[in-house]
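Okay, entry_22.cif now, which holds mmCIF, C-alpha atoms and all ligand atoms:
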```
data_start
#
loop_
_atom_site.label_atom_id
_atom_site.label_comp_id
_atom_site.auth_asym_id
_atom_site.auth_seq_id
_atom_site.Cartn_x
_atom_site.Cartn_y
_atom_site.Cartn_z
CA MET A 296 -62.73 -73.90 -7.36
CA ILE A 297 -60.23 -72.10 -5.11
CA PRO A 298 -56.88 -73.04 -6.69
CA PHE A 299 -53.90 -74.20 -4.66
CA SER A 300 -51.10 -71.92 -5.83
CA PRO A 301 -51.66 -69.82 -8.97
CA PRO A 302 -48.85 -67.39 -9.90
CA HIS A 303 -49.31 -63.67 -9.35
CA ILE A 304 -49.09 -62.04 -12.81
CA ASN A 305 -49.78 -58.29 -12.99
CA GLN A 306 -49.50 -55.75 -15.82
CA GLU A 307 -46.02 -54.70 -14.70
CA ILE A 308 -44.74 -58.26 -15.16
CA ILE A 309 -46.37 -58.50 -18.59
CA ASP A 310 -44.80 -55.16 -19.60
CA GLU A 311 -41.37 -56.26 -18.40
CA VAL A 312 -41.61 -59.52 -20.38
CA VAL A 313 -42.78 -57.65 -23.49
CA ASP A 314 -39.90 -55.21 -23.05
CA THR A 315 -37.50 -58.16 -23.14
CA LEU A 316 -39.21 -59.74 -26.15
CA LYS A 317 -38.91 -56.48 -28.07
CA SER A 318 -35.34 -55.76 -26.96
CA GLY A 319 -33.67 -58.14 -29.40
CA TRP A 320 -32.15 -60.13 -26.50
CA ILE A 321 -34.28 -62.94 -25.03
CA THR A 322 -31.79 -65.45 -23.59
CA THR A 323 -29.25 -64.90 -20.77
CA GLY A 324 -28.26 -61.25 -20.81
CA PRO A 325 -28.63 -57.95 -18.97
CA LYS A 326 -31.86 -58.80 -17.14
CA THR A 327 -30.56 -62.12 -15.81
CA LYS A 328 -27.37 -60.41 -14.63
CA LEU A 329 -29.39 -57.62 -12.96
CA PHE A 330 -31.66 -60.20 -11.31
CA GLU A 331 -28.56 -62.01 -9.99
CA LYS A 332 -27.18 -58.79 -8.45
CA GLN A 333 -30.48 -57.97 -6.79
CA LEU A 334 -30.92 -61.51 -5.47
CA ALA A 335 -27.36 -61.54 -4.10
CA ALA A 336 -27.97 -58.22 -2.31
CA TYR A 337 -31.25 -59.52 -0.90
CA CYS A 338 -29.59 -62.66 0.50
CA GLY A 339 -26.45 -60.92 1.71
CA VAL A 340 -24.03 -62.94 -0.43
CA SER A 341 -21.37 -61.63 -2.82
CA SER A 342 -22.13 -64.05 -5.65
CA LEU A 343 -25.25 -65.76 -6.91
CA LEU A 344 -25.83 -67.55 -10.23
CA CYS A 345 -29.23 -67.92 -11.86
CA VAL A 346 -30.02 -71.24 -13.56
CA ASN A 347 -33.04 -72.85 -15.21
CA SER A 348 -34.22 -74.80 -12.13
CA ALA A 349 -33.34 -75.62 -8.55
CA THR A 350 -32.84 -79.24 -9.58
CA PHE A 351 -30.19 -78.21 -12.11
CA GLY A 352 -28.58 -75.94 -9.50
CA LEU A 353 -28.29 -78.84 -7.05
CA GLU A 354 -26.82 -81.11 -9.73
CA LEU A 355 -24.37 -78.51 -10.97
CA VAL A 356 -22.97 -77.91 -7.48
CA LEU A 357 -22.72 -81.65 -6.77
CA LYS A 358 -20.78 -82.09 -10.05
CA TRP A 359 -18.58 -79.07 -9.27
CA PHE A 360 -17.76 -80.62 -5.87
CA GLY A 361 -16.78 -83.85 -7.64
CA VAL A 362 -19.58 -86.03 -6.29
CA THR A 363 -19.66 -89.28 -8.23
CA LYS A 364 -20.42 -92.97 -7.92
CA ASN A 365 -19.49 -94.66 -4.63
CA ASP A 366 -20.10 -91.35 -2.85
CA GLU A 367 -22.94 -90.76 -0.41
CA VAL A 368 -25.05 -87.66 0.06
CA ILE A 369 -27.30 -87.27 3.11
CA ILE A 370 -30.79 -85.96 2.39
CA PRO A 371 -34.06 -85.87 4.36
CA SER A 372 -36.62 -88.62 3.71
CA TYR A 373 -39.23 -85.86 3.90
CA THR A 374 -38.74 -83.73 0.77
CA TYR A 375 -39.65 -83.46 -2.88
CA ALA A 376 -38.11 -85.98 -5.32
CA ALA A 377 -35.81 -83.29 -6.82
CA THR A 378 -33.49 -83.47 -3.81
CA ALA A 379 -32.92 -87.21 -4.32
CA ASN A 380 -32.88 -87.14 -8.12
CA ALA A 381 -30.10 -84.54 -8.26
CA VAL A 382 -27.95 -86.88 -6.16
CA ILE A 383 -28.81 -89.99 -8.18
CA HIS A 384 -27.92 -88.23 -11.46
CA THR A 385 -24.32 -87.86 -10.24
CA GLY A 386 -24.09 -91.61 -9.66
CA ALA A 387 -23.92 -91.16 -5.89
CA THR A 388 -26.26 -92.76 -3.34
CA PRO A 389 -28.79 -90.65 -1.42
CA VAL A 390 -28.75 -91.61 2.26
CA MET A 391 -32.08 -90.69 3.83
CA VAL A 392 -32.49 -89.35 7.33
CA ASP A 393 -35.87 -89.00 9.07
CA CYS A 394 -37.41 -85.63 9.91
CA ASN A 395 -38.29 -84.00 13.24
CA ALA A 396 -41.75 -84.73 14.61
CA ASP A 397 -42.53 -81.03 15.10
CA ASP A 398 -41.12 -78.80 12.31
CA LEU A 399 -40.67 -81.53 9.64
CA ASN A 400 -37.06 -80.49 8.93
CA LEU A 401 -34.39 -83.16 8.87
CA ASP A 402 -33.42 -84.51 12.30
CA ILE A 403 -29.85 -83.31 12.80
CA SER A 404 -29.29 -85.74 15.69
CA LYS A 405 -29.74 -88.61 13.21
CA ILE A 406 -27.13 -87.28 10.76
CA ARG A 407 -24.15 -88.31 12.86
CA GLY A 408 -25.14 -91.96 12.56
CA ALA A 409 -25.59 -91.63 8.80
CA ILE A 410 -22.14 -90.17 8.09
CA THR A 411 -19.53 -92.55 6.67
CA SER A 412 -16.15 -92.02 4.98
CA LYS A 413 -18.10 -91.88 1.71
CA THR A 414 -20.25 -88.90 2.75
CA LYS A 415 -19.40 -85.88 0.59
CA VAL A 416 -22.41 -83.59 0.99
CA ILE A 417 -25.40 -83.03 3.28
CA ILE A 418 -28.49 -81.48 1.67
CA PRO A 419 -30.85 -80.06 4.29
CA VAL A 420 -34.25 -78.80 3.09
CA ASP A 421 -36.04 -75.82 4.69
CA ILE A 422 -39.44 -77.49 4.63
CA ALA A 423 -42.35 -75.10 3.99
CA GLY A 424 -39.86 -72.21 4.21
CA TYR A 425 -38.88 -72.80 7.85
CA PRO A 426 -35.06 -72.81 8.19
CA VAL A 427 -33.12 -75.81 9.44
CA ASP A 428 -30.86 -75.32 12.52
CA TYR A 429 -27.89 -74.22 10.44
CA ASN A 430 -25.64 -73.33 13.40
CA GLU A 431 -25.93 -76.89 14.65
CA LEU A 432 -25.45 -78.38 11.18
CA ASN A 433 -22.53 -76.10 10.24
CA GLU A 434 -20.78 -77.01 13.53
CA LEU A 435 -21.40 -80.72 13.09
CA VAL A 436 -19.37 -81.01 9.87
CA LYS A 437 -16.46 -79.17 11.53
CA GLU A 438 -16.12 -81.63 14.41
CA ASP A 439 -12.65 -83.23 14.52
CA GLU A 440 -13.89 -86.78 14.24
CA ILE A 441 -16.12 -85.98 11.27
CA ILE A 442 -13.37 -84.03 9.50
CA GLN A 443 -10.98 -86.95 10.03
CA SER A 444 -13.37 -89.43 8.46
CA PHE A 445 -13.80 -87.20 5.37
CA GLU A 446 -12.01 -88.64 2.33
CA ALA A 447 -11.24 -85.89 -0.18
CA PHE A 448 -10.72 -86.90 -3.83
CA SER A 449 -11.23 -83.81 -5.97
CA ASP A 450 -9.15 -80.63 -5.57
CA ILE A 451 -12.24 -78.78 -4.43
CA GLN A 452 -12.98 -81.42 -1.79
CA LYS A 453 -9.37 -81.08 -0.58
CA LYS A 454 -9.73 -77.31 -0.47
CA LEU A 455 -12.87 -77.49 1.70
CA GLY A 456 -11.49 -80.39 3.76
CA ARG A 457 -14.88 -81.42 5.08
CA ILE A 458 -18.45 -82.34 4.13
CA LEU A 459 -20.15 -79.63 2.06
CA ILE A 460 -23.52 -78.31 3.23
CA LEU A 461 -25.69 -77.66 0.21
CA SER A 462 -29.03 -76.22 1.31
CA ASP A 463 -32.10 -77.08 -0.74
CA ALA A 464 -33.68 -73.69 -0.05
CA ALA A 465 -36.34 -74.19 -2.73
CA HIS A 466 -39.01 -73.10 -0.21
CA SER A 467 -37.15 -70.59 1.92
CA PHE A 468 -36.32 -67.51 -0.16
CA GLY A 469 -36.84 -64.61 2.28
CA ALA A 470 -36.73 -66.74 5.45
CA ASN A 471 -34.63 -65.61 8.44
CA TYR A 472 -32.40 -67.43 10.88
CA HIS A 473 -30.64 -65.49 13.66
CA ASN A 474 -31.17 -62.26 11.68
CA LYS A 475 -29.54 -63.66 8.55
CA VAL A 476 -31.45 -64.32 5.35
CA SER A 477 -31.77 -67.69 3.59
CA GLY A 478 -28.95 -67.96 1.05
CA SER A 479 -26.31 -66.84 3.54
CA LEU A 480 -26.94 -69.51 6.19
CA THR A 481 -24.50 -72.15 5.00
CA ASP A 482 -21.89 -72.99 2.30
CA ILE A 483 -24.17 -72.99 -0.74
CA SER A 484 -27.97 -72.58 -1.01
CA ILE A 485 -30.24 -73.36 -3.93
CA PHE A 486 -33.49 -71.49 -4.58
CA SER A 487 -36.34 -72.53 -6.86
CA PHE A 488 -38.36 -70.05 -8.89
CA HIS A 489 -40.76 -72.68 -10.23
CA ALA A 490 -44.31 -71.43 -10.88
CA VAL A 491 -45.64 -72.55 -7.48
CA LYS A 492 -42.80 -71.16 -5.40
CA ASN A 493 -42.97 -67.86 -3.44
CA LEU A 494 -40.88 -65.97 -6.00
CA THR A 495 -41.26 -67.22 -9.56
CA THR A 496 -39.71 -66.92 -13.02
CA ALA A 497 -42.06 -69.65 -14.43
CA GLU A 498 -39.12 -72.06 -14.26
CA GLY A 499 -35.82 -71.12 -12.70
CA GLY A 500 -33.47 -71.34 -9.79
CA ALA A 501 -30.41 -69.77 -8.22
CA ILE A 502 -27.17 -70.84 -6.57
CA ALA A 503 -26.20 -68.56 -3.66
CA LEU A 504 -22.50 -68.87 -2.84
CA ASN A 505 -21.28 -68.38 0.70
CA LEU A 506 -18.20 -70.64 0.79
CA PRO A 507 -15.62 -70.02 3.52
CA TYR A 508 -11.99 -68.98 3.05
CA PRO A 509 -9.88 -69.95 1.05
CA PHE A 510 -12.67 -70.06 -1.55
CA ASP A 511 -13.18 -66.95 -3.64
CA ASN A 512 -16.94 -66.95 -4.26
CA LYS A 513 -16.58 -64.67 -7.31
CA GLN A 514 -14.19 -67.19 -8.85
CA VAL A 515 -16.57 -70.07 -8.07
CA TYR A 516 -19.36 -68.01 -9.65
CA ASN A 517 -17.30 -67.55 -12.84
CA TYR A 518 -16.58 -71.26 -12.99
CA LEU A 519 -20.20 -72.30 -12.41
CA ASN A 520 -21.39 -69.72 -14.95
CA ILE A 521 -19.23 -71.35 -17.62
CA PHE A 522 -20.02 -74.86 -16.32
CA SER A 523 -23.75 -74.12 -16.76
CA LEU A 524 -23.21 -73.05 -20.40
CA HIS A 525 -21.38 -75.94 -22.11
CA GLY A 526 -18.06 -74.92 -20.60
CA GLN A 527 -17.85 -72.15 -23.16
CA ASN A 528 -15.54 -69.33 -22.09
CA LYS A 529 -17.76 -66.61 -23.62
CA ASP A 530 -21.52 -66.43 -23.29
CA ALA A 531 -23.76 -65.58 -26.26
CA LEU A 532 -23.90 -61.91 -25.29
CA ALA A 533 -20.10 -61.56 -25.15
CA LYS A 534 -19.81 -63.38 -28.48
CA SER A 535 -22.28 -60.98 -30.07
CA THR A 536 -19.93 -58.01 -29.68
CA LYS A 537 -17.93 -56.97 -32.76
CA GLY A 538 -15.46 -59.52 -34.04
CA ASN A 539 -15.66 -61.50 -30.83
CA TRP A 540 -16.73 -64.78 -32.42
CA ARG A 541 -13.95 -67.13 -31.31
CA TYR A 542 -14.48 -69.15 -28.14
CA ASP A 543 -13.05 -72.14 -26.38
CA ILE A 544 -14.72 -75.00 -24.52
CA LEU A 545 -12.91 -75.33 -21.21
CA MET A 546 -14.68 -78.46 -19.96
CA PRO A 547 -17.64 -80.55 -21.16
CA GLY A 548 -20.16 -78.40 -19.31
CA TYR A 549 -23.91 -78.61 -18.88
CA LYS A 550 -26.72 -76.43 -20.25
CA GLY A 551 -28.95 -74.80 -17.70
CA ASN A 552 -28.81 -71.02 -17.98
CA MET A 553 -31.73 -68.72 -17.15
CA THR A 554 -33.28 -66.65 -19.96
CA ASP A 555 -33.94 -62.90 -19.76
CA ILE A 556 -37.63 -63.63 -20.36
CA SER A 557 -37.70 -65.60 -17.10
CA ALA A 558 -35.58 -63.01 -15.30
CA SER A 559 -38.08 -60.28 -16.31
CA ILE A 560 -40.82 -62.05 -14.34
CA GLY A 561 -38.50 -62.45 -11.37
CA LEU A 562 -37.30 -58.83 -11.37
CA VAL A 563 -40.83 -57.52 -10.87
CA GLY A 564 -41.68 -60.26 -8.36
CA LEU A 565 -38.60 -59.41 -6.31
CA LYS A 566 -39.48 -55.70 -6.30
CA TYR A 567 -42.71 -56.44 -4.37
CA TYR A 568 -41.52 -59.54 -2.54
CA ASP A 569 -41.15 -58.13 0.98
CA SER A 570 -43.66 -55.30 0.79
CA VAL A 571 -46.59 -57.19 -0.75
CA ASN A 572 -46.04 -60.93 -1.27
CA LEU A 573 -44.56 -61.83 2.13
CA VAL A 574 -46.93 -59.46 3.94
CA ARG A 575 -49.94 -61.24 2.44
CA ARG A 576 -48.51 -64.72 3.03
CA LYS A 577 -47.87 -63.86 6.66
CA GLN A 578 -51.45 -62.62 7.07
CA ILE A 579 -52.76 -65.86 5.58
CA PHE A 580 -50.61 -67.98 7.92
CA ASN A 581 -51.76 -65.96 10.93
CA THR A 582 -55.41 -66.26 9.89
CA TYR A 583 -55.12 -70.04 9.51
CA GLN A 584 -53.24 -70.26 12.79
CA SER A 585 -55.83 -68.39 14.84
CA ALA A 586 -58.68 -70.30 13.17
CA PHE A 587 -57.24 -73.79 13.64
CA SER A 588 -55.41 -73.48 16.95
CA LYS A 589 -58.83 -73.37 18.65
CA PHE A 590 -59.46 -77.00 17.72
CA GLU A 591 -58.30 -79.96 19.76
CA TRP A 592 -57.88 -82.00 16.53
CA ALA A 593 -55.52 -79.55 14.84
CA GLU A 594 -51.73 -79.63 15.04
CA THR A 595 -50.69 -76.28 13.60
CA PRO A 596 -47.27 -75.68 12.00
CA ILE A 597 -44.30 -73.86 13.55
CA PHE A 598 -43.33 -70.85 11.44
CA LYS A 599 -41.91 -68.23 13.77
CA THR A 600 -39.69 -68.53 16.85
CA ALA A 601 -37.17 -66.22 18.55
CA SER A 602 -34.40 -67.24 16.13
CA LYS A 603 -36.31 -68.23 12.97
CA GLU A 604 -38.94 -66.85 10.66
CA SER A 605 -40.39 -68.78 7.75
CA SER A 606 -40.81 -67.50 4.20
CA TYR A 607 -44.47 -68.54 4.61
CA HIS A 608 -44.33 -70.90 1.63
CA LEU A 609 -46.55 -73.82 2.69
CA TYR A 610 -49.10 -74.03 5.50
CA LEU A 611 -48.90 -77.66 6.62
CA LEU A 612 -51.88 -78.53 8.82
CA ARG A 613 -51.83 -81.88 10.62
CA ILE A 614 -54.92 -83.60 11.98
CA LYS A 615 -54.42 -85.50 15.23
CA GLY A 616 -55.29 -89.17 15.38
CA ILE A 617 -56.15 -89.87 11.75
CA ASN A 618 -54.56 -92.36 9.38
CA GLU A 619 -53.64 -92.17 5.68
CA THR A 620 -57.01 -93.51 4.45
CA GLU A 621 -58.95 -91.07 6.61
CA ARG A 622 -56.75 -88.18 5.46
CA ASP A 623 -57.27 -89.13 1.81
CA LYS A 624 -61.05 -89.20 2.36
CA ILE A 625 -60.96 -85.76 3.99
CA ILE A 626 -58.96 -84.36 1.07
CA GLN A 627 -61.42 -85.84 -1.42
CA GLU A 628 -64.33 -84.19 0.40
CA ILE A 629 -62.53 -80.84 0.59
CA TYR A 630 -62.03 -81.06 -3.19
CA GLU A 631 -65.72 -81.83 -3.65
CA ASN A 632 -66.36 -78.50 -1.91
CA ASP A 633 -64.22 -76.74 -4.54
CA VAL A 634 -61.10 -76.10 -2.47
CA ALA A 635 -57.77 -77.37 -3.81
CA VAL A 636 -55.45 -78.76 -1.15
CA ASN A 637 -52.31 -80.86 -1.33
CA VAL A 638 -49.90 -83.12 0.56
CA HIS A 639 -46.28 -82.01 1.02
CA PHE A 640 -44.73 -84.57 0.85
CA GLN A 641 -45.00 -88.28 0.28
CA PRO A 642 -41.89 -89.57 2.10
CA LEU A 643 -39.29 -90.69 -0.46
CA PRO A 644 -39.01 -94.29 0.83
CA MET A 645 -42.66 -94.80 -0.28
CA LEU A 646 -42.01 -93.91 -3.94
CA THR A 647 -41.24 -96.43 -6.68
CA ALA A 648 -38.04 -94.80 -7.95
CA TYR A 649 -36.26 -95.19 -4.60
CA GLN A 650 -37.16 -98.81 -3.82
CA TYR A 651 -33.70 -99.91 -5.01
CA LEU A 652 -32.24 -98.20 -1.95
CA GLU A 653 -34.19 -100.68 0.21
CA ASN A 654 -35.20 -98.05 2.75
CA LYS A 655 -38.20 -99.20 4.78
CA ILE A 656 -40.81 -96.59 5.62
CA GLU A 657 -41.01 -98.10 9.14
CA ASP A 658 -37.51 -96.70 9.69
CA TYR A 659 -38.82 -93.18 9.00
CA PRO A 660 -41.62 -92.96 11.57
CA ASN A 661 -41.74 -89.16 11.84
CA SER A 662 -41.91 -88.78 8.07
CA PHE A 663 -44.74 -91.28 7.80
CA HIS A 664 -46.67 -90.13 10.84
CA ASN A 665 -46.63 -86.53 9.61
CA TYR A 666 -47.41 -87.44 6.02
CA GLU A 667 -50.46 -89.56 6.92
CA ARG A 668 -52.09 -86.71 8.88
CA LEU A 669 -51.09 -83.79 6.69
CA ILE A 670 -53.08 -81.41 4.51
CA SER A 671 -51.40 -78.39 2.81
CA LEU A 672 -53.70 -75.41 2.47
CA PRO A 673 -53.64 -72.72 -0.24
CA VAL A 674 -51.22 -69.82 0.38
CA TYR A 675 -50.63 -67.15 -2.27
CA GLN A 676 -50.58 -63.41 -2.76
CA ASP A 677 -53.94 -63.16 -4.53
CA LEU A 678 -55.90 -65.32 -2.07
CA THR A 679 -58.73 -63.10 -0.78
CA ASP A 680 -60.13 -62.86 2.75
CA LYS A 681 -63.42 -64.25 1.44
CA GLN A 682 -61.65 -67.27 -0.04
CA LEU A 683 -59.75 -67.74 3.22
CA THR A 684 -63.02 -67.89 5.14
CA VAL A 685 -64.37 -70.47 2.69
CA ILE A 686 -61.24 -72.62 3.03
CA ILE A 687 -61.31 -72.50 6.83
CA ASN A 688 -65.03 -73.38 6.93
CA VAL A 689 -64.72 -76.22 4.42
CA VAL A 690 -61.66 -77.73 6.11
CA THR A 691 -63.19 -77.44 9.59
CA LYS A 692 -66.53 -78.92 8.61
CA THR A 693 -64.95 -81.75 6.65
CA VAL A 694 -62.49 -82.71 9.37
CA GLU A 695 -65.11 -82.58 12.14
CA LYS A 696 -67.49 -84.74 10.15
CA ASN A 697 -64.78 -87.39 9.72
CA LEU A 698 -63.38 -87.54 13.24
C1 LIG B 1 -39.73 -77.33 -5.98
C2 LIG B 1 -38.66 -78.05 -5.25
C3 LIG B 1 -37.44 -78.36 -5.86
C4 LIG B 1 -37.23 -78.26 -7.34
O1 LIG B 1 -37.30 -77.02 -7.86
P1 LIG B 1 -37.22 -76.87 -9.47
O2 LIG B 1 -36.90 -75.42 -9.62
O3 LIG B 1 -38.57 -77.24 -9.98
O4 LIG B 1 -36.15 -77.76 -9.96
C5 LIG B 1 -36.43 -78.89 -5.10
N1 LIG B 1 -36.61 -79.16 -3.80
C6 LIG B 1 -37.77 -78.90 -3.17
C7 LIG B 1 -37.90 -79.20 -1.71
C8 LIG B 1 -38.85 -78.36 -3.89
O5 LIG B 1 -40.03 -78.17 -3.29
#
```
Would you mind giving the structure from this file in structure tokens?
Ligand SMILES: *Cc1c(COP(=O)(O)O)cnc(C)c1O
Amino acid sequence: MIPFSPPHINQEIIDEVVDTLKSGWITTGPKTKLFEKQLAAYCGVSSLLCVNSATFGLELVLKWFGVTKNDEVIIPSYTYAATANAVIHTGATPVMVDCNADDLNLDISKIRGAITSKTKVIIPVDIAGYPVDYNELNELVKEDEIIQSFEAFSDIQKKLGRILILSDAAHSFGANYHNKVSGSLTDISIFSFHAVKNLTTAEGGAIALNLPYPFDNKQVYNYLNIFSLHGQNKDALAKSTKGNWRYDILMPGYKGNMTDISASIGLVGLKYYDSVNLVRRKQIFNTYQSAFSKFEWAETPIFKTASKESSYHLYLLRIKGINETERDKIIQEIYENDVAVNVHFQPLPMLTAYQYLENKIEDYPNSFHNYERLISLPVYQDLTDKQLTVIINVVTKTVEKNL
């Protein structure tokens, strides 16, 4: 079986993890702090906080911004459940907006109609690693009319004076938009280092801070750091220094720090991210693209334009003219030929947990029409050319047989 997305684990990663295990310090400490510095430098931001997942990162920022019940947060209907769940956990209502027909990112032209005086945050998602049009989105929330309808309750909301853009950049670490790197494209961006993501720490995530004046991103970092560790004013490492046992709890914080064991995996992954991982992913995308673009039945994904370059996270192939049942049958047959494929994503309005919102899938035609024709193909560093040929042959044969 050719797997869908196994992690790349080499001897250097194993050695780095063992080094941490033997060091006497396994939770948040020097390696997490080093990983944060390197990630911040990579993204071109001054401050970045590592946490235990992207989901927690999203929730922590929503809580920091004061999002609570009666508030609304705009999200795409075409995303993973984490985007919606983070909003629901704050008590707020996720307001879903359909995606574009072509690149599957949220349709910015539909956001205007979804904004109300209750809207506090917009969470765009860089689907498959392809960046959203951040210039357009960043400008939208600064329009006079939209600023005037913004009702600020918390001090932080008053300080920003407008809707916050919180990017769910779970897929887009390393992506570019107008020569800037994901993480520095809007107010705050959240990365995921889950096992299947481009850069992994087994489980993990990061909050990249890029808030405008008068925010001091270092200060926000310090606050979120404490907020992610019970609100305790000293972390375990600081407390472990001589006689430094006394602490205070500044607010009833959460618990979602990254461990140094996780950071060890990430440090080595980051070292080879551009030079090996992204190079291989790009080759795989290009190989798929030249193989499938020959076929009339294939709608190939957009991953590079003059102003944008993907992080090559997911290769989302769409088959023209098929329906959900036909797609499911094709996937089953691909599996029977020992190739693991996937579907990213089932539109949120179709899932049980979100029925209470009473969104009808018919109101999200682009999400549904893309979902019903979509097959995600394997993309990962260790995928060999031989495996790639097998995947292309199996997918082609199976689709052509079912047309
Ligand atoms: C993976 C993923 C997340 C969640 O990441 P975790 O680190 O597992 O919490 C959030 N959003 C999207 C779009 C994802 O694909």
### Task
Record the distance separating atom CA of A:Gly408 and atom CA of A:Gln641, expressed in Å with one decimal.
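Pair atom CA of A:Gly408 / atom CA of A:Gln641 returns 23.6 Å.
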### Message
When you count only C-alpha atoms, which of these residues is closest to A:Cys345: A:Ala635, A:Val420, A:Leu399, A:Met553?
### Response
A:Met553
Kindly compile the residues surrounding ligand LIG 1 (chain B) within 9 Å, counting all atoms listed in the file, and format them as a PDB file with C-alpha atoms, in the frame of the given file.
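Saved file result17.pdb follows:
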```pdb
ATOM      1  CA  VAL A 346     -30.020 -71.240 -13.560  1.00  0.00           C
ATOM      2  CA  ASN A 347     -33.040 -72.850 -15.210  1.00  0.00           C
ATOM      3  CA  SER A 348     -34.220 -74.800 -12.130  1.00  0.00           C
ATOM      4  CA  ALA A 349     -33.340 -75.620  -8.550  1.00  0.00           C
ATOM      5  CA  THR A 350     -32.840 -79.240  -9.580  1.00  0.00           C
ATOM      6  CA  PHE A 351     -30.190 -78.210 -12.110  1.00  0.00           C
ATOM      7  CA  GLY A 352     -28.580 -75.940  -9.500  1.00  0.00           C
ATOM      8  CA  LEU A 353     -28.290 -78.840  -7.050  1.00  0.00           C
ATOM      9  CA  TYR A 373     -39.230 -85.860   3.900  1.00  0.00           C
ATOM     10  CA  THR A 374     -38.740 -83.730   0.770  1.00  0.00           C
ATOM     11  CA  TYR A 375     -39.650 -83.460  -2.880  1.00  0.00           C
ATOM     12  CA  ALA A 376     -38.110 -85.980  -5.320  1.00  0.00           C
ATOM     13  CA  ALA A 377     -35.810 -83.290  -6.820  1.00  0.00           C
ATOM     14  CA  THR A 378     -33.490 -83.470  -3.810  1.00  0.00           C
ATOM     15  CA  ALA A 379     -32.920 -87.210  -4.320  1.00  0.00           C
ATOM     16  CA  VAL A 420     -34.250 -78.800   3.090  1.00  0.00           C
ATOM     17  CA  ASP A 421     -36.040 -75.820   4.690  1.00  0.00           C
ATOM     18  CA  ILE A 422     -39.440 -77.490   4.630  1.00  0.00           C
ATOM     19  CA  ALA A 423     -42.350 -75.100   3.990  1.00  0.00           C
ATOM     20  CA  ASP A 463     -32.100 -77.080  -0.740  1.00  0.00           C
ATOM     21  CA  ALA A 464     -33.680 -73.690  -0.050  1.00  0.00           C
ATOM     22  CA  ALA A 465     -36.340 -74.190  -2.730  1.00  0.00           C
ATOM     23  CA  HIS A 466     -39.010 -73.100  -0.210  1.00  0.00           C
ATOM     24  CA  ILE A 485     -30.240 -73.360  -3.930  1.00  0.00           C
ATOM     25  CA  PHE A 486     -33.490 -71.490  -4.580  1.00  0.00           C
ATOM     26  CA  SER A 487     -36.340 -72.530  -6.860  1.00  0.00           C
ATOM     27  CA  PHE A 488     -38.360 -70.050  -8.890  1.00  0.00           C
ATOM     28  CA  HIS A 489     -40.760 -72.680 -10.230  1.00  0.00           C
ATOM     29  CA  ALA A 490     -44.310 -71.430 -10.880  1.00  0.00           C
ATOM     30  CA  VAL A 491     -45.640 -72.550  -7.480  1.00  0.00           C
ATOM     31  CA  LYS A 492     -42.800 -71.160  -5.400  1.00  0.00           C
ATOM     32  CA  GLU A 498     -39.120 -72.060 -14.260  1.00  0.00           C
ATOM     33  CA  GLY A 499     -35.820 -71.120 -12.700  1.00  0.00           C
ATOM     34  CA  GLY A 500     -33.470 -71.340  -9.790  1.00  0.00           C
ATOM     35  CA  ALA A 501     -30.410 -69.770  -8.220  1.00  0.00           C
ATOM     36  CA  HIS A 639     -46.280 -82.010   1.020  1.00  0.00           C
ATOM     37  CA  PHE A 640     -44.730 -84.570   0.850  1.00  0.00           C
TER      38      PHE A 640
END
```
Give me the residues near stretch 537-545 of chain A as a PDB file with C-alpha atoms, in the frame of the given file, where near means some atom within 7 Å (using only C-alpha atoms) and where sequence neighbours in that chain fewer than 5 positions away do not count.
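Written out: selection_1.pdb:
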```pdb
ATOM      1  CA  GLY A 526     -18.060 -74.920 -20.600  1.00  0.00           C
ATOM      2  CA  GLN A 527     -17.850 -72.150 -23.160  1.00  0.00           C
ATOM      3  CA  ASN A 528     -15.540 -69.330 -22.090  1.00  0.00           C
ATOM      4  CA  LYS A 529     -17.760 -66.610 -23.620  1.00  0.00           C
TER       5      LYS A 529
END
```
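For the pair atom CA of A:Ile656 and atom CA of A:Pro371, the separation is 12.7 Å.
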### Query
Quick one: distance from atom CA of A:Asn400 to atom CA of A:Ile369 in Å, one decimal?
13.2 Å
### Message
Measuring between only C-alpha atoms, which one of A:Phe360, A:Tyr675, A:Tyr610, A:Phe587 shows the shortest distance to A:Ala447?
### Response
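Among the listed residues, A:Phe360 lies closest to A:Ala447.
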#### Entry: Shortest interatomic distance to A:Lys453 - which of A:Asn665, A:Ile483, A:Asp398, A:Phe510, counting only C-alpha atoms
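Using only C-alpha atoms, the shortest distance to A:Lys453 belongs to A:Phe510.
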### Task
Go through A:Val674, A:Gly478, A:Glu621, A:Ser318 one by one, measure the shortest atom-to-atom distance of each to A:Gln578 using all atoms listed in the file, and give the residue with the smallest value.
A:Val674
### Query
Hey, which of A:Asp511, A:Asp428, A:Glu591, A:Asp439 ends up closest to A:Ile451? Count all atoms listed in the file.
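Looking at the shortest contact to A:Ile451, the residue is A:Asp511.
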### Task
Have a look at A:Asn517, A:His303, A:Tyr472, A:Gln584 and name the one nearest to A:Ala601; count all atoms listed in the file.
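Under the stated criterion, the closest residue is A:Tyr472.
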### Message
When you look at A:Pro507 with a cut-off of 9 Å (counting all atoms listed in the file), what residues show up, excluding the ones that are within fewer than 5 positions of it in the same chain? I need them as a list of chain:residue names.
### Response
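The filter keeps A:Leu455, A:Asp482, A:Asn512.
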Write a file of the just-selected residues containing C-alpha atoms, as a compact mmCIF listing (two decimals), keeping the file's coordinate frame.
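Written out: result-v1.txt:
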```
# COMPACT_ATOMS: atom_id res chain seq x y z
CA LEU A 455 -12.87 -77.49 1.70
CA ASP A 482 -21.89 -72.99 2.30
CA ASN A 512 -16.94 -66.95 -4.26
```
